[in-house]
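*Asks:* Data file data-v4.txt (compact mmCIF, C-alpha atoms) is appended below.
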# COMPACT_ATOMS: atom_id res chain seq x y z
CA LEU A 1 -122.56 69.69 -68.09
CA PHE A 2 -120.41 66.53 -68.13
CA ASN A 3 -118.91 64.89 -65.04
CA GLY A 4 -116.15 63.06 -66.95
CA ARG A 5 -117.14 59.65 -65.51
CA ASP A 6 -120.49 58.53 -66.91
CA LEU A 7 -123.59 59.61 -68.85
CA ALA A 8 -125.38 61.01 -65.79
CA GLY A 9 -127.40 64.03 -66.90
CA TRP A 10 -127.53 62.85 -70.52
CA THR A 11 -130.06 60.76 -72.46
CA GLY A 12 -129.17 58.71 -75.53
CA ASP A 13 -128.62 55.25 -76.97
CA THR A 14 -125.88 53.64 -74.86
CA ALA A 15 -125.05 51.34 -77.78
CA LEU A 16 -123.82 54.51 -79.55
CA TRP A 17 -122.71 56.79 -76.71
CA SER A 18 -120.25 56.03 -73.92
CA VAL A 19 -117.54 57.53 -71.72
CA GLU A 20 -113.89 56.50 -72.14
CA ASN A 21 -110.95 58.13 -70.33
CA GLY A 22 -113.02 61.18 -69.40
CA GLU A 23 -114.29 61.65 -72.97
CA LEU A 24 -117.84 61.49 -74.31
CA VAL A 25 -117.64 59.07 -77.25
CA GLY A 26 -120.12 58.65 -80.08
CA LYS A 27 -119.44 55.65 -82.28
CA SER A 28 -121.45 53.95 -85.02
CA SER A 29 -120.81 51.63 -87.95
CA GLY A 30 -123.44 53.60 -89.89
CA LEU A 31 -126.87 55.03 -89.14
CA GLN A 32 -130.16 55.38 -90.98
CA ASN A 33 -131.14 58.44 -88.91
CA ASN A 34 -129.34 61.07 -86.89
CA GLU A 35 -128.85 60.08 -83.24
CA PHE A 36 -128.33 62.41 -80.29
CA LEU A 37 -126.99 62.42 -76.78
CA VAL A 38 -129.17 65.03 -75.06
CA SER A 39 -128.21 66.89 -71.89
CA ASP A 40 -130.73 67.50 -69.13
CA LEU A 41 -129.33 71.03 -68.80
CA THR A 42 -131.15 73.99 -70.35
CA ALA A 43 -129.43 77.35 -70.91
CA GLY A 44 -130.14 80.74 -72.42
CA ASP A 45 -127.10 83.04 -72.61
CA PHE A 46 -123.86 81.07 -72.24
CA ARG A 47 -120.30 80.39 -73.34
CA LEU A 48 -119.45 76.73 -73.98
CA THR A 49 -115.94 75.53 -74.71
CA LEU A 50 -115.00 71.96 -75.52
CA GLU A 51 -112.54 69.90 -77.45
CA VAL A 52 -113.66 67.58 -80.23
CA LYS A 53 -111.87 64.99 -82.33
CA LEU A 54 -113.34 63.26 -85.38
CA ILE A 55 -111.48 59.96 -85.71
CA GLY A 56 -110.21 59.31 -89.24
CA ASP A 57 -111.74 62.64 -90.34
CA ARG A 58 -114.81 60.75 -91.52
CA GLY A 59 -118.48 61.02 -90.72
CA ASN A 60 -120.35 64.00 -89.37
CA SER A 61 -121.30 65.28 -85.96
CA GLY A 62 -122.18 68.49 -84.21
CA VAL A 63 -122.92 70.31 -80.99
CA GLN A 64 -126.56 71.26 -80.53
CA PHE A 65 -127.42 74.25 -78.33
CA ARG A 66 -130.54 76.23 -77.48
CA SER A 67 -132.27 73.14 -78.84
CA GLU A 68 -135.39 71.14 -78.11
CA ALA A 69 -135.59 67.35 -77.80
CA GLN A 70 -138.30 65.91 -80.06
CA PRO A 71 -140.62 63.00 -79.14
CA ASN A 72 -139.14 60.82 -81.94
CA GLY A 73 -135.61 61.05 -80.46
CA GLY A 74 -134.53 63.87 -82.76
CA VAL A 75 -133.44 67.35 -81.73
CA ARG A 76 -134.49 70.69 -83.19
CA GLY A 77 -132.27 73.75 -82.95
CA TYR A 78 -128.89 75.32 -83.51
CA GLN A 79 -125.93 73.09 -84.33
CA ALA A 80 -122.23 73.96 -84.53
CA ASP A 81 -121.10 71.49 -87.18
CA VAL A 82 -118.28 68.95 -87.07
CA GLY A 83 -117.14 67.03 -90.14
CA PRO A 84 -115.32 67.27 -93.47
CA GLY A 85 -116.71 70.23 -95.40
CA TRP A 86 -118.87 71.24 -92.40
CA TRP A 87 -116.42 72.33 -89.70
CA GLY A 88 -117.38 75.74 -88.36
CA LYS A 89 -120.71 76.05 -90.13
CA LEU A 90 -123.96 76.82 -88.27
CA TYR A 91 -127.04 74.75 -89.02
CA GLU A 92 -130.54 74.72 -87.57
CA GLU A 93 -131.55 71.05 -87.27
CA HIS A 94 -135.22 70.45 -88.21
CA GLY A 95 -135.59 74.18 -88.79
CA ARG A 96 -134.22 76.73 -91.22
CA GLY A 97 -131.26 74.59 -92.33
CA LEU A 98 -127.88 76.14 -93.04
CA LEU A 99 -127.60 79.54 -91.31
CA TRP A 100 -123.88 80.22 -91.87
CA PRO A 101 -122.41 78.51 -94.94
CA GLU A 102 -118.77 79.60 -94.63
CA SER A 103 -116.49 76.81 -93.48
CA GLY A 104 -113.91 77.01 -90.70
CA GLU A 105 -111.98 74.13 -92.27
CA ALA A 106 -108.87 76.33 -92.64
CA TYR A 107 -108.62 76.47 -88.82
CA LEU A 108 -108.94 72.71 -88.34
CA HIS A 109 -106.30 70.44 -86.81
CA LYS A 110 -107.28 67.48 -88.97
CA GLY A 111 -107.25 64.17 -87.10
CA ASP A 112 -106.44 65.87 -83.79
CA TRP A 113 -108.25 67.65 -80.98
CA ASN A 114 -109.94 70.91 -81.94
CA ARG A 115 -111.20 73.54 -79.51
CA TYR A 116 -114.76 74.67 -80.24
CA GLU A 117 -116.22 77.71 -78.50
CA ILE A 118 -119.88 78.66 -78.74
CA VAL A 119 -121.13 81.97 -77.35
CA ALA A 120 -124.85 82.78 -77.40
CA VAL A 121 -126.09 86.04 -75.91
CA GLY A 122 -129.55 87.35 -76.76
CA GLY A 123 -129.99 87.04 -80.52
CA ARG A 124 -126.26 86.84 -81.29
CA VAL A 125 -124.46 83.54 -81.88
CA ARG A 126 -120.70 83.25 -82.28
CA THR A 127 -118.56 80.17 -82.78
CA LEU A 128 -114.80 79.83 -82.82
CA LEU A 129 -112.67 76.90 -83.95
CA ASN A 130 -109.19 76.83 -82.43
CA GLY A 131 -109.53 80.51 -81.49
CA LYS A 132 -110.59 81.69 -84.96
CA VAL A 133 -114.08 83.13 -85.51
CA CYS A 134 -116.24 80.95 -87.76
CA VAL A 135 -119.73 82.36 -87.12
CA ASP A 136 -120.84 85.81 -85.95
CA LEU A 137 -124.57 85.90 -86.55
CA ALA A 138 -127.25 88.32 -85.40
CA ASP A 139 -130.33 86.07 -85.36
CA PRO A 140 -133.26 87.70 -83.56
CA ALA A 141 -135.60 84.94 -84.86
CA GLY A 142 -133.55 82.13 -83.29
CA ALA A 143 -134.30 80.27 -80.06
CA LYS A 144 -133.10 82.02 -76.91
CA ARG A 145 -133.06 78.98 -74.62
CA GLY A 146 -132.79 75.21 -74.89
CA VAL A 147 -130.83 72.05 -74.21
CA PHE A 148 -127.39 70.96 -75.34
CA ALA A 149 -126.95 67.77 -77.36
CA LEU A 150 -124.26 65.95 -79.32
CA GLN A 151 -125.00 64.43 -82.71
CA LEU A 152 -124.04 61.33 -84.64
CA HIS A 153 -125.18 62.03 -88.21
CA SER A 154 -126.82 59.44 -90.44
CA GLY A 155 -124.61 57.80 -93.03
CA GLY A 156 -121.37 55.88 -92.83
CA PRO A 157 -119.15 54.94 -89.91
CA THR A 158 -118.34 57.69 -87.42
CA GLU A 159 -116.38 58.01 -84.22
CA VAL A 160 -116.37 61.38 -82.50
CA ARG A 161 -114.92 62.29 -79.11
CA PHE A 162 -115.64 65.27 -76.86
CA ARG A 163 -113.71 66.34 -73.76
CA ASN A 164 -113.10 69.28 -71.44
CA LEU A 165 -116.64 70.65 -71.71
CA GLN A 166 -116.87 73.92 -69.78
CA LEU A 167 -120.05 75.95 -69.53
CA GLU A 168 -120.25 79.53 -68.29
Spell out the structure here as structure tokens.
*Replies:*
Amino acid sequence: LFNGRDLAGWTGDTALWSVENGELVGKSSGLQNNEFLVSDLTAGDFRLTLEVKLIGDRGNSGVQFRSEAQPNGGVRGYQADVGPGWWGKLYEEHGRGLLWPESGEAYLHKGDWNRYEIVAVGGRVRTLLNGKVCVDLADPAGAKRGVFALQLHSGGPTEVRFRNLQLE
């Protein structure tokens, strides 16, 4: 999914997305619209683990999965949320909106690396933050296959870092 060296296999604005010290880095001074780094890889049933750090605990990001890149540069699909008040929630970008409103904020290591795990099998989606279950959703209407993407949300300054992405 990520080779740890460069953005090979990913598409996005290189003014916003880069690789530093083996980490995927999204950084902006503020955005009018959401921006995405979209993987070329498509998956159906999977388990994805990664570590994420939101610098200064400000801004908003997320991990898109079973998603579809849109012609305007947007992405439609599931998103495991990252950001103050949003950690651990499940959202469907350009779709049904908030699918799981309970926050996983209590499990957060604020200002530090956090381990996110996303498991999607058939119509069931589970997410864990630092080993604690945030989402356990039976969603037969949801997409069963799609791409992965990382988000920089519109709004104020944001720096988010991702590392140790492992896909099974």
*Asks:* Restricting the calculation to all atoms listed in the file: of A:Lys89, A:Arg145, A:His153, A:Lys27, which residue gets closest to Asp45 of chain A?
*Replies:*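 So, comparing all the options, the nearest one is A:Arg145.
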*Asks:* Could you check the closest approach to Gln70 of chain A for each of A:Trp100, A:Gly146, A:Gly123, A:Gly26 and tell me which residue wins, using only C-alpha atoms?
*Replies:*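 Closest candidate: A:Gly146.
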*Asks:* Pick out the closest residue to Gly62 of chain A from this set: A:Leu137, A:Ala149, A:Leu165, A:Ala143. Count all atoms listed in the file.
*Replies:* A:Ala149
*Asks:* Need to verify the contact set: Asn34 of chain A, 8 Å, only C-alpha atoms, exclusion of same-chain residues closer than 4 positions in sequence. Can you return it as JSON, numbers by chain?
*Replies:* {"A": [74, 151, 152, 153, 154]}
*Asks:* Between atom CA of Pro84 of chain A and atom CA of Phe65 of chain A, what is the distance, to one decimal in Å?
*Replies:*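 Between atom CA of Pro84 of chain A and atom CA of Phe65 of chain A the gap works out to 20.6 Å.
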*Asks:* So the first atom is atom CA of Glu102 of chain A and the second is atom CA of Ala138 of chain A; what is the distance between them in Å, to one decimal place?
*Replies:*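 One can read the atom CA of Glu102 of chain A to atom CA of Ala138 of chain A distance as 15.3 Å.
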